[in-house]
Structure formats: C-alpha cells, structure tokens
$ cat query06.txt   # compact mmCIF, C-alpha atoms (C1' of nucleotides)
# COMPACT_ATOMS: atom_id res chain seq x y z
CA MET A 1 59.94 98.75 89.78
CA LYS A 2 61.43 95.85 91.64
CA ILE A 3 60.24 95.44 95.22
CA ALA A 4 61.62 92.68 97.44
CA THR A 5 61.18 91.18 100.87
CA TRP A 6 63.94 89.23 102.62
CA ASN A 7 64.32 87.92 106.14
CA ILE A 8 68.10 88.24 106.50
CA ASN A 9 68.35 86.60 109.97
CA GLY A 10 70.80 89.09 111.46
CA ILE A 11 72.37 92.05 109.68
CA LYS A 12 75.78 91.57 111.32
CA ALA A 13 76.02 88.01 110.03
CA ARG A 14 74.48 88.85 106.65
CA ILE A 15 75.94 92.20 105.61
CA ASP A 16 78.26 90.70 102.97
CA ASN A 17 75.43 88.60 101.49
CA LEU A 18 73.11 91.60 101.54
CA LEU A 19 75.57 93.88 99.74
CA GLN A 20 76.31 91.20 97.15
CA TRP A 21 72.60 90.65 96.57
CA LEU A 22 71.77 94.38 96.38
CA GLU A 23 74.47 94.86 93.77
CA ALA A 24 73.31 91.91 91.69
CA ALA A 25 69.52 92.25 92.03
CA SER A 26 69.34 96.04 92.33
CA PRO A 27 65.83 96.21 93.84
CA ASP A 28 64.20 99.64 94.00
CA ILE A 29 62.86 98.86 97.46
CA ALA A 30 64.03 96.07 99.76
CA CYS A 31 62.04 95.16 102.87
CA LEU A 32 64.22 93.41 105.44
CA GLN A 33 63.22 91.44 108.51
CA GLU A 34 65.08 90.06 111.51
CA ILE A 35 67.85 92.62 111.36
CA LYS A 36 68.49 91.69 115.05
CA SER A 37 70.10 95.06 115.61
CA VAL A 38 69.42 98.36 117.30
CA ASP A 39 69.12 101.29 114.90
CA GLU A 40 72.46 102.80 115.99
CA SER A 41 74.39 99.60 115.16
CA PHE A 42 72.84 98.99 111.75
CA PRO A 43 75.62 99.18 109.10
CA ARG A 44 73.99 101.83 106.97
CA GLU A 45 77.13 103.26 105.35
CA PRO A 46 78.02 100.38 102.98
CA ILE A 47 74.34 100.15 101.98
CA GLU A 48 74.11 103.88 101.37
CA ALA A 49 77.28 103.58 99.28
CA LEU A 50 75.27 101.40 96.89
CA GLY A 51 72.76 104.20 96.47
CA TYR A 52 70.14 103.22 99.04
CA HIS A 53 68.30 105.23 101.60
CA VAL A 54 68.08 103.29 104.87
CA GLU A 55 65.23 103.32 107.41
CA THR A 56 65.28 100.91 110.33
CA HIS A 57 63.06 99.93 113.22
CA GLY A 58 65.26 97.75 115.36
CA GLN A 59 65.66 96.38 118.85
CA LYS A 60 68.39 94.56 120.74
CA GLY A 61 68.93 90.92 119.85
CA PHE A 62 65.68 89.94 118.17
CA ASN A 63 63.23 91.00 115.50
CA GLY A 64 63.82 94.33 113.75
CA VAL A 65 62.79 95.47 110.26
CA ALA A 66 64.20 97.84 107.66
CA LEU A 67 63.34 99.59 104.42
CA LEU A 68 66.07 100.13 101.83
CA SER A 69 65.07 102.31 98.90
CA LYS A 70 66.66 104.06 95.96
CA VAL A 71 64.35 107.01 96.54
CA ARG A 72 63.96 108.58 99.95
CA PRO A 73 60.53 107.96 101.48
CA ASP A 74 58.39 111.05 102.01
CA GLU A 75 57.07 109.59 105.27
CA VAL A 76 58.08 106.73 107.57
CA ASN A 77 55.96 105.14 110.31
CA ARG A 78 57.39 102.72 112.84
CA GLY A 79 55.42 100.07 114.73
CA LEU A 80 52.10 98.37 114.03
CA PRO A 81 49.22 100.37 115.53
CA GLY A 82 46.75 98.82 117.93
CA ASP A 83 48.76 97.97 121.06
CA ALA A 84 50.79 100.66 122.81
CA THR A 85 52.30 98.04 125.16
CA ASP A 86 53.84 95.99 122.32
CA GLU A 87 57.60 96.63 122.37
CA GLN A 88 58.60 94.18 119.64
CA ALA A 89 60.02 95.87 116.50
CA ARG A 90 58.18 94.12 113.70
CA PHE A 91 56.74 96.79 111.42
CA ILE A 92 57.82 99.80 109.39
CA GLU A 93 55.92 101.67 106.67
CA GLY A 94 57.34 103.96 104.01
CA VAL A 95 55.40 106.28 101.72
CA PHE A 96 57.12 106.85 98.39
CA SER A 97 56.63 109.13 95.41
CA VAL A 98 56.75 107.07 92.23
CA PRO A 99 56.13 108.10 88.60
CA SER A 100 52.50 106.97 88.78
CA GLY A 101 51.86 108.74 92.10
CA VAL A 102 52.04 107.44 95.66
CA LEU A 103 53.18 104.01 96.85
CA ARG A 104 53.02 102.62 100.37
CA VAL A 105 55.35 99.77 101.28
CA CYS A 106 55.44 98.03 104.65
CA SER A 107 58.13 95.65 105.89
CA LEU A 108 56.62 93.32 108.48
CA TYR A 109 57.82 90.44 110.62
CA LEU A 110 54.77 88.57 111.81
CA PRO A 111 55.28 86.64 115.08
CA ASN A 112 56.28 82.98 114.70
CA GLY A 113 53.87 81.82 117.44
CA ASN A 114 55.58 78.56 118.34
CA PRO A 115 55.19 76.60 120.44
CA ALA A 116 51.52 76.74 119.55
CA ASP A 117 50.42 75.61 123.03
CA ASP A 118 52.40 78.42 124.69
CA PRO A 119 50.03 80.63 126.72
CA VAL A 120 51.66 83.79 125.39
CA LYS A 121 53.26 83.21 122.00
CA TYR A 122 50.42 81.87 119.89
CA PRO A 123 47.80 84.32 121.25
CA TYR A 124 50.32 87.11 120.55
CA LYS A 125 50.61 85.93 116.94
CA LEU A 126 46.84 85.85 116.44
CA ALA A 127 46.40 89.25 118.11
CA TRP A 128 49.14 90.70 115.89
CA MET A 129 47.37 89.31 112.82
CA GLU A 130 44.15 90.96 113.94
CA ARG A 131 45.99 94.27 114.38
CA LEU A 132 47.49 93.85 110.90
CA LYS A 133 44.00 93.27 109.53
CA ARG A 134 42.74 96.48 111.11
CA PHE A 135 45.75 98.36 109.72
CA ALA A 136 45.11 96.91 106.26
CA GLU A 137 41.45 97.94 106.42
CA GLU A 138 42.47 101.52 107.15
CA ARG A 139 45.04 101.61 104.35
CA LEU A 140 42.79 99.89 101.80
CA ALA A 141 40.21 102.62 102.38
CA LEU A 142 42.74 105.06 100.90
CA GLU A 143 42.49 103.19 97.57
CA GLU A 144 46.23 103.57 96.97
CA PRO A 145 48.91 101.16 95.76
CA LEU A 146 50.00 99.31 98.91
CA ILE A 147 52.43 96.44 99.36
CA LEU A 148 52.51 94.57 102.66
CA ALA A 149 55.82 92.72 102.34
CA GLY A 150 57.42 90.45 104.83
CA ASP A 151 57.93 87.26 106.74
CA TYR A 152 54.36 86.32 107.61
CA ASN A 153 55.26 83.06 109.34
CA VAL A 154 52.18 81.65 107.61
CA ILE A 155 52.07 78.68 105.21
CA PRO A 156 48.87 79.61 103.35
CA GLN A 157 48.11 76.27 101.67
CA PRO A 158 49.23 72.63 101.89
CA HIS A 159 51.07 72.98 98.56
CA ASP A 160 53.16 75.79 100.07
CA CYS A 161 55.23 73.25 101.98
CA PHE A 162 57.13 70.07 101.21
CA ASP A 163 55.18 67.84 103.59
CA PRO A 164 51.98 69.22 105.16
CA SER A 165 51.82 66.42 107.73
CA VAL A 166 55.05 67.71 109.31
CA TRP A 167 53.49 71.14 109.86
CA ALA A 168 50.03 70.09 111.00
CA GLN A 169 50.56 71.12 114.66
CA ASP A 170 52.81 74.09 113.89
CA ALA A 171 51.83 77.71 114.53
CA LEU A 172 52.76 78.49 110.91
CA PHE A 173 50.15 76.11 109.51
CA LEU A 174 47.41 75.62 112.10
CA PRO A 175 43.87 76.10 110.71
CA GLU A 176 43.40 79.15 112.96
CA THR A 177 46.58 80.74 111.55
CA ARG A 178 45.56 80.13 107.96
CA ALA A 179 42.04 81.39 108.65
CA ALA A 180 43.49 84.63 110.05
CA PHE A 181 45.64 84.96 106.91
CA ARG A 182 42.55 84.41 104.73
CA ARG A 183 40.66 87.09 106.67
CA LEU A 184 43.52 89.43 105.73
CA THR A 185 43.58 88.54 102.03
CA ASN A 186 39.78 88.50 101.91
CA LEU A 187 39.85 92.24 102.55
CA GLY A 188 41.03 92.54 98.95
CA LEU A 189 44.76 91.87 99.23
CA THR A 190 46.46 89.64 96.66
CA ASP A 191 49.22 87.10 97.36
CA ALA A 192 51.39 88.37 94.50
CA VAL A 193 53.45 85.20 94.05
CA ARG A 194 50.38 83.00 93.99
CA ALA A 195 48.65 85.37 91.57
CA THR A 196 51.47 85.23 89.02
CA THR A 197 52.22 81.51 88.84
CA ASP A 198 50.52 78.16 88.59
CA ALA A 199 53.53 76.45 90.14
CA VAL A 200 53.13 74.75 93.50
CA LYS A 201 55.79 73.71 95.98
CA LEU A 202 57.43 77.13 95.80
CA TYR A 203 59.42 77.94 98.92
CA SER A 204 61.06 80.97 100.52
CA PHE A 205 62.49 79.29 103.64
CA TRP A 206 64.54 76.18 104.26
CA ASP A 207 65.51 75.29 107.82
CA TYR A 208 69.21 75.15 108.69
CA GLN A 209 68.60 71.77 110.28
CA ALA A 210 68.47 68.23 108.95
CA GLY A 211 69.64 69.12 105.43
CA ALA A 212 66.37 70.86 104.61
CA TRP A 213 67.88 72.84 101.73
CA GLN A 214 69.60 69.83 100.18
CA LYS A 215 66.31 67.90 100.35
CA ASN A 216 64.29 70.93 99.18
CA ASN A 217 62.26 70.55 102.35
CA GLY A 218 60.99 74.13 102.35
CA ILE A 219 58.00 76.31 103.11
CA ARG A 220 56.59 79.48 101.54
CA ILE A 221 56.11 82.00 104.34
CA ASP A 222 57.51 85.25 102.87
CA HIS A 223 54.79 87.09 101.01
CA LEU A 224 53.95 90.23 99.07
CA LEU A 225 50.33 91.17 99.67
CA THR A 226 49.11 93.86 97.30
CA SER A 227 46.14 96.22 97.34
CA PRO A 228 43.96 96.26 94.20
CA GLU A 229 45.72 99.43 93.01
CA ALA A 230 49.10 97.67 93.34
CA THR A 231 47.84 94.38 91.90
CA ASP A 232 46.71 96.30 88.80
CA ARG A 233 50.37 97.18 88.23
CA LEU A 234 51.82 93.77 89.12
CA ILE A 235 53.83 92.29 86.23
CA SER A 236 55.57 89.22 87.65
CA THR A 237 57.25 87.75 90.72
CA GLU A 238 60.34 85.71 91.38
CA ILE A 239 61.95 83.92 94.29
CA ASP A 240 65.75 84.22 94.46
CA ARG A 241 66.35 80.59 95.40
CA GLN A 242 70.04 80.57 94.58
CA VAL A 243 70.77 82.92 97.48
CA ARG A 244 70.11 79.98 99.83
CA SER A 245 73.15 78.19 98.37
CA TRP A 246 75.56 81.07 99.08
CA GLU A 247 78.15 80.94 101.83
CA LYS A 248 76.69 81.76 105.25
CA PRO A 249 73.13 82.11 103.95
CA SER A 250 70.02 83.29 105.72
CA ASP A 251 67.43 80.53 106.09
CA HIS A 252 65.10 82.75 103.98
CA VAL A 253 65.58 83.98 100.39
CA PRO A 254 64.38 87.19 98.71
CA VAL A 255 60.87 87.25 97.23
CA ILE A 256 60.54 89.86 94.50
CA GLY A 257 57.70 91.60 92.72
CA HIS A 258 57.99 93.53 89.46
CA PHE A 259 55.53 96.41 89.13
CA ALA A 260 54.73 99.12 86.59
CA PHE A 261 54.54 102.05 88.99
C1' DA B 1 63.97 58.76 118.01
C1' DT B 2 60.97 65.45 121.15
C1' DG B 3 66.12 65.13 116.78
C1' DG B 4 69.70 69.22 114.41
C1' DT B 5 71.70 74.45 113.04
C1' DT B 6 72.30 79.32 113.22
C1' DG B 7 72.37 84.12 115.32
C1' DG B 8 72.71 87.14 119.17
C1' DT B 9 73.92 86.98 123.36
C1' DA B 10 76.22 86.42 127.83
C1' DG B 11 69.43 85.23 130.10
C1' DC B 12 70.36 79.68 126.35
C1' DC B 13 66.39 81.93 123.94
C1' DA B 14 64.28 82.35 119.33
C1' DA B 15 63.60 80.41 115.13

$ encode --input "query06.txt" --output "structure tokens"
Amino acid sequence: MKIATWNINGIKARIDNLLQWLEAASPDIACLQEIKSVDESFPREPIEALGYHVETHGQKGFNGVALLSKVRPDEVNRGLPGDATDEQARFIEGVFSVPSGVLRVCSLYLPNGNPADDPVKYPYKLAWMERLKRFAEERLALEEPLILAGDYNVIPQPHDCFDPSVWAQDALFLPETRAAFRRLTNLGLTDAVRATTDAVKLYSFWDYQAGAWQKNNGIRIDHLLTSPEATDRLISTEIDRQVRSWEKPSDHVPVIGHFAF
DNA sequence: ATGGTTGGTAGCCAA
C-alpha cells in the first residue's frame, strides 16, 4: 500500500495539480493539509471520479486537512483531542480495513509557531505538540498499525535543512521544538523516511521566495511517523520532488511510504 | 539589507 502526505497549500489553487498527481502516483491513501477550504466548498467530485473516498476537516481561509482513500474508512474522527476551545482544523483520523487487519491513518497540520517570540503562536505550537503526544500514547497502547502523517512544521535534525544557521531562531528548528518532536518519536514512533535512507539533505518544502527551489534551499518538515506495528510493514519511502517543478506548485511536495499491509 | 512569493481574502494575515 502506498500512503502519502502532502501539504497542498490551498485546494482551489491546487486542484489541477492534485488530480494530475493522484492519477500518476495512485496512492491508496493521501493525507492532505492546508486545504484552506470549508467542507462544503471542497471539490470532492473530480477526486471521487478518480476512485477516491473523500473526508475533510476544513475551516474558512486557513488550515484544513483531508483524507483521500481508495477504500472507505470504517470510522473518521475530526479534531485533535485535549482542548475543546481549539477551533483550528488541523487533524483528522481515519480507521481502515486492510488485508492484514486494521490501519489507522491521521492527517495532521502541526502549527507553524512563528514568530517564535509571539506570546500566542509558539506556546500554541508547543501545547499542540503535547496534545499530539498524549493522543499518540493512547493510540500506541492499542498496539495497532498507525501512521501519523502530515506537515509537522518541525526540522528534526540539522541535516534536514540546507543551512541550519538560517533556521536557528525559527519555530521550526528551535531546540524546544525539536525536543518536543523527540518526545513524540521516543514514545516508539519511527520517522519512516529517516528509517529507510542514509541520505541527508532530503527536503519536502522549498519556500516560494528568493529562488529557494532553484537553489535547492529546502527543509524536511513533512513526515510519516509510524507505530511499531506499521514500521514492521514499512518497505520504502520516497519524496516526489518533481512535483515542485510543476506549474503553479505547492511549496510542499508529497512524501510517500510503501507498506505491506 | 528585517528582504521576496503565494493563497485566501476583502481583516493584509499566514506561511
């Protein structure tokens, strides 16, 4: 099975790219972030025409996540538990029946957190990461295949960006951010890309500004974190770099895991 | 050099 995560940076602007990519890559499950759309406006029909079931958790203007899947999920849960006052649409979970049994897949859009000295934004990011950790603890206790896929807005290691000095003060790379990410993985989750390659300087995001793509000035912030039961079935990963060179691209590209489920 | 680019929006904010 092919399971992908992709921050599409706006479904209205990216629908043609998305359809082209779905046709070419044919993932079994695609986790989307930053759909920037309410559920009612999401263009589900052309996606369904390609054979996908569509589940969204959107909001007006910002954020928003979706799960596209060739098989209909048996259960869908919207929103990250732990804060009833949080109105930002950043999390959706689907429970799927696969040949080997059950599979849980979450599409998550972790808060950016910049500017890091903002009294609200960075604390919100860290609090969200703590909530995600508590969610992961609960799910890991089930001892099921679980994939937490999404835009984590975390550069885990210095070799996950072109120039670490540029990111030193950034909410995506601050020591506290990376420590919170390690606390998550230390629960027993595997960074699937990192586990399947020795390559460094692998990126999933290139800024629109300052010719970042042309200079390969990128960062790796889109991740597939897998539970032990999912890691046992992990075969390989790939990053669809060429999508960044398409017309009207997202600033992120798809990150894909191949699994024997 | 506090840059420059895109998306959603009609609040210039978020990234």

$ closest_residue --input "query06.txt" --among "A:Ala210, A:Ala230, A:Ile239, A:Val98" --to "DG3 (chain B)" --atoms "all atoms listed in the file"
A:Ala210

$ interface_residues --input "query06.txt" --of "chain A" --to "chain B" --cutoff "7 Å" --atoms "only C-alpha atoms (C1' of nucleotides)" --output "number ranges by chain"
A: 10, 61, 208-210

$ atom_distance --input "query06.txt" --atom1 "CA of Val95 (chain A)" --atom2 "CA of Asp74 (chain A)"
5.6 Å

$ atom_distance --input "query06.txt" --atom1 "CA of Glu87 (chain A)" --atom2 "CA of Glu34 (chain A)"
14.7 Å

$ residues_around --input "query06.txt" --residues "Val154 (chain A)" --least-positions-apart "5" --cutoff "10 Å" --atoms "all atoms listed in the file" --output "list in words"
Leu110, Pro111, Asn112, Gly113, Asp160, Asp170, Ala171, Leu172, Phe173, Leu174, Thr177, Arg178, Ala180, Phe181, Ile219, Arg220, Ile221, Asp222 and His223 of chain A

$ closest_residue --input "query06.txt" --among "A:Val166, A:Leu103, A:Ile92, A:Leu225" --to "Lys133 (chain A)" --atoms "only C-alpha atoms"
A:Leu225

$ atom_distance --input "query06.txt" --atom1 "CA of Ser250 (chain A)" --atom2 "CA of Pro115 (chain A)"
21.9 Å

$ residues_around --input "query06.txt" --residues "Leu50 (chain A)" --least-positions-apart "4" --cutoff "9 Å" --atoms "all atoms listed in the file" --output "MDAnalysis selection string"
chainID A and resid 19 22:23 45:46

$ residues_around --input "query06.txt" --residues "Asp191 (chain A)" --least-positions-apart "4" --cutoff "9 Å" --atoms "all atoms listed in the file" --output "list of chain:residue names"
A:Thr185, A:Ala195, A:Thr196, A:His223, A:Leu224, A:Leu225, A:Thr226

$ closest_residue --input "query06.txt" --among "A:Phe261, A:Phe205, A:Val120, A:Leu80" --to "Phe96 (chain A)" --atoms "only C-alpha atoms"
A:Phe261

$ axis_aligned_box --input "query06.txt" --around "region 7-20 of chain A" --padding-each-side "8 Å" --output "lines of an AutoDock Vina configuration file"
center_x = 71.3
center_y = 90.2
center_z = 104.3
size_x = 29.9
size_y = 23.3
size_z = 30.3

$ build_atoms --input "query06.txt" --residues "region 21-54 of chain A" --atoms "N, CA and C atoms" --output "PDB file, in the frame of the given file"
ATOM      1  N   TRP A  21      73.921  90.813  97.196  1.00  0.00           N
ATOM      2  CA  TRP A  21      72.600  90.650  96.570  1.00  0.00           C
ATOM      3  C   TRP A  21      72.057  91.984  96.053  1.00  0.00           C
ATOM      4  N   LEU A  22      72.252  93.059  96.828  1.00  0.00           N
ATOM      5  CA  LEU A  22      71.770  94.380  96.380  1.00  0.00           C
ATOM      6  C   LEU A  22      72.441  94.778  95.074  1.00  0.00           C
ATOM      7  N   GLU A  23      73.738  94.516  94.997  1.00  0.00           N
ATOM      8  CA  GLU A  23      74.470  94.860  93.770  1.00  0.00           C
ATOM      9  C   GLU A  23      73.960  94.074  92.571  1.00  0.00           C
ATOM     10  N   ALA A  24      73.710  92.786  92.799  1.00  0.00           N
ATOM     11  CA  ALA A  24      73.310  91.910  91.690  1.00  0.00           C
ATOM     12  C   ALA A  24      71.843  92.122  91.307  1.00  0.00           C
ATOM     13  N   ALA A  25      70.964  92.202  92.300  1.00  0.00           N
ATOM     14  CA  ALA A  25      69.520  92.250  92.030  1.00  0.00           C
ATOM     15  C   ALA A  25      69.029  93.681  91.814  1.00  0.00           C
ATOM     16  N   SER A  26      69.678  94.622  92.459  1.00  0.00           N
ATOM     17  CA  SER A  26      69.340  96.040  92.330  1.00  0.00           C
ATOM     18  C   SER A  26      67.850  96.331  92.496  1.00  0.00           C
ATOM     19  N   PRO A  27      67.248  95.896  93.615  1.00  0.00           N
ATOM     20  CA  PRO A  27      65.830  96.210  93.840  1.00  0.00           C
ATOM     21  C   PRO A  27      65.650  97.707  94.086  1.00  0.00           C
ATOM     22  N   ASP A  28      64.487  98.227  93.707  1.00  0.00           N
ATOM     23  CA  ASP A  28      64.200  99.640  94.000  1.00  0.00           C
ATOM     24  C   ASP A  28      63.872  99.826  95.474  1.00  0.00           C
ATOM     25  N   ILE A  29      63.160  98.845  96.029  1.00  0.00           N
ATOM     26  CA  ILE A  29      62.860  98.860  97.460  1.00  0.00           C
ATOM     27  C   ILE A  29      63.085  97.454  97.995  1.00  0.00           C
ATOM     28  N   ALA A  30      63.820  97.363  99.100  1.00  0.00           N
ATOM     29  CA  ALA A  30      64.030  96.070  99.760  1.00  0.00           C
ATOM     30  C   ALA A  30      63.512  96.157 101.190  1.00  0.00           C
ATOM     31  N   CYS A  31      62.599  95.247 101.522  1.00  0.00           N
ATOM     32  CA  CYS A  31      62.040  95.160 102.870  1.00  0.00           C
ATOM     33  C   CYS A  31      62.777  94.052 103.606  1.00  0.00           C
ATOM     34  N   LEU A  32      63.450  94.405 104.687  1.00  0.00           N
ATOM     35  CA  LEU A  32      64.220  93.410 105.440  1.00  0.00           C
ATOM     36  C   LEU A  32      63.540  93.102 106.760  1.00  0.00           C
ATOM     37  N   GLN A  33      63.715  91.842 107.200  1.00  0.00           N
ATOM     38  CA  GLN A  33      63.220  91.440 108.510  1.00  0.00           C
ATOM     39  C   GLN A  33      64.324  90.724 109.281  1.00  0.00           C
ATOM     40  N   GLU A  34      64.112  90.659 110.580  1.00  0.00           N
ATOM     41  CA  GLU A  34      65.080  90.060 111.510  1.00  0.00           C
ATOM     42  C   GLU A  34      66.467  90.654 111.335  1.00  0.00           C
ATOM     43  N   ILE A  35      66.534  91.984 111.403  1.00  0.00           N
ATOM     44  CA  ILE A  35      67.850  92.620 111.360  1.00  0.00           C
ATOM     45  C   ILE A  35      68.598  92.357 112.671  1.00  0.00           C
ATOM     46  N   LYS A  36      67.879  92.041 113.751  1.00  0.00           N
ATOM     47  CA  LYS A  36      68.490  91.690 115.050  1.00  0.00           C
ATOM     48  C   LYS A  36      69.517  92.738 115.459  1.00  0.00           C
ATOM     49  N   SER A  37      69.157  93.981 115.328  1.00  0.00           N
ATOM     50  CA  SER A  37      70.100  95.060 115.610  1.00  0.00           C
ATOM     51  C   SER A  37      69.331  96.289 116.087  1.00  0.00           C
ATOM     52  N   VAL A  38      69.969  97.040 116.981  1.00  0.00           N
ATOM     53  CA  VAL A  38      69.420  98.360 117.300  1.00  0.00           C
ATOM     54  C   VAL A  38      69.735  99.298 116.139  1.00  0.00           C
ATOM     55  N   ASP A  39      68.964 100.375 116.031  1.00  0.00           N
ATOM     56  CA  ASP A  39      69.120 101.290 114.900  1.00  0.00           C
ATOM     57  C   ASP A  39      70.548 101.838 114.809  1.00  0.00           C
ATOM     58  N   GLU A  40      71.141 102.144 115.978  1.00  0.00           N
ATOM     59  CA  GLU A  40      72.460 102.800 115.990  1.00  0.00           C
ATOM     60  C   GLU A  40      73.557 101.866 115.470  1.00  0.00           C
ATOM     61  N   SER A  41      73.357 100.556 115.587  1.00  0.00           N
ATOM     62  CA  SER A  41      74.390  99.600 115.160  1.00  0.00           C
ATOM     63  C   SER A  41      74.199  99.105 113.744  1.00  0.00           C
ATOM     64  N   PHE A  42      73.101  99.497 113.096  1.00  0.00           N
ATOM     65  CA  PHE A  42      72.840  98.990 111.750  1.00  0.00           C
ATOM     66  C   PHE A  42      73.881  99.563 110.781  1.00  0.00           C
ATOM     67  N   PRO A  43      74.545  98.721 109.985  1.00  0.00           N
ATOM     68  CA  PRO A  43      75.620  99.180 109.100  1.00  0.00           C
ATOM     69  C   PRO A  43      75.094  99.886 107.866  1.00  0.00           C
ATOM     70  N   ARG A  44      74.657 101.124 108.074  1.00  0.00           N
ATOM     71  CA  ARG A  44      73.990 101.830 106.970  1.00  0.00           C
ATOM     72  C   ARG A  44      74.963 102.324 105.909  1.00  0.00           C
ATOM     73  N   GLU A  45      76.211 102.614 106.304  1.00  0.00           N
ATOM     74  CA  GLU A  45      77.130 103.260 105.350  1.00  0.00           C
ATOM     75  C   GLU A  45      77.390 102.422 104.091  1.00  0.00           C
ATOM     76  N   PRO A  46      77.750 101.133 104.219  1.00  0.00           N
ATOM     77  CA  PRO A  46      78.020 100.380 102.980  1.00  0.00           C
ATOM     78  C   PRO A  46      76.771 100.212 102.113  1.00  0.00           C
ATOM     79  N   ILE A  47      75.585 100.254 102.739  1.00  0.00           N
ATOM     80  CA  ILE A  47      74.340 100.150 101.980  1.00  0.00           C
ATOM     81  C   ILE A  47      74.054 101.470 101.261  1.00  0.00           C
ATOM     82  N   GLU A  48      74.282 102.560 101.981  1.00  0.00           N
ATOM     83  CA  GLU A  48      74.110 103.880 101.370  1.00  0.00           C
ATOM     84  C   GLU A  48      75.095 104.067 100.205  1.00  0.00           C
ATOM     85  N   ALA A  49      76.271 103.461 100.340  1.00  0.00           N
ATOM     86  CA  ALA A  49      77.280 103.580  99.280  1.00  0.00           C
ATOM     87  C   ALA A  49      76.817 102.934  97.977  1.00  0.00           C
ATOM     88  N   LEU A  50      75.841 102.015  98.090  1.00  0.00           N
ATOM     89  CA  LEU A  50      75.270 101.400  96.890  1.00  0.00           C
ATOM     90  C   LEU A  50      74.087 102.194  96.343  1.00  0.00           C
ATOM     91  N   GLY A  51      73.806 103.328  96.975  1.00  0.00           N
ATOM     92  CA  GLY A  51      72.760 104.200  96.470  1.00  0.00           C
ATOM     93  C   GLY A  51      71.410 104.028  97.140  1.00  0.00           C
ATOM     94  N   TYR A  52      71.403 103.458  98.330  1.00  0.00           N
ATOM     95  CA  TYR A  52      70.140 103.220  99.040  1.00  0.00           C
ATOM     96  C   TYR A  52      69.954 104.157 100.220  1.00  0.00           C
ATOM     97  N   HIS A  53      68.718 104.578 100.378  1.00  0.00           N
ATOM     98  CA  HIS A  53      68.300 105.230 101.600  1.00  0.00           C
ATOM     99  C   HIS A  53      67.928 104.145 102.598  1.00  0.00           C
ATOM    100  N   VAL A  54      68.263 104.325 103.861  1.00  0.00           N
ATOM    101  CA  VAL A  54      68.080 103.290 104.870  1.00  0.00           C
ATOM    102  C   VAL A  54      67.180 103.784 105.997  1.00  0.00           C
TER     103      VAL A  54
END
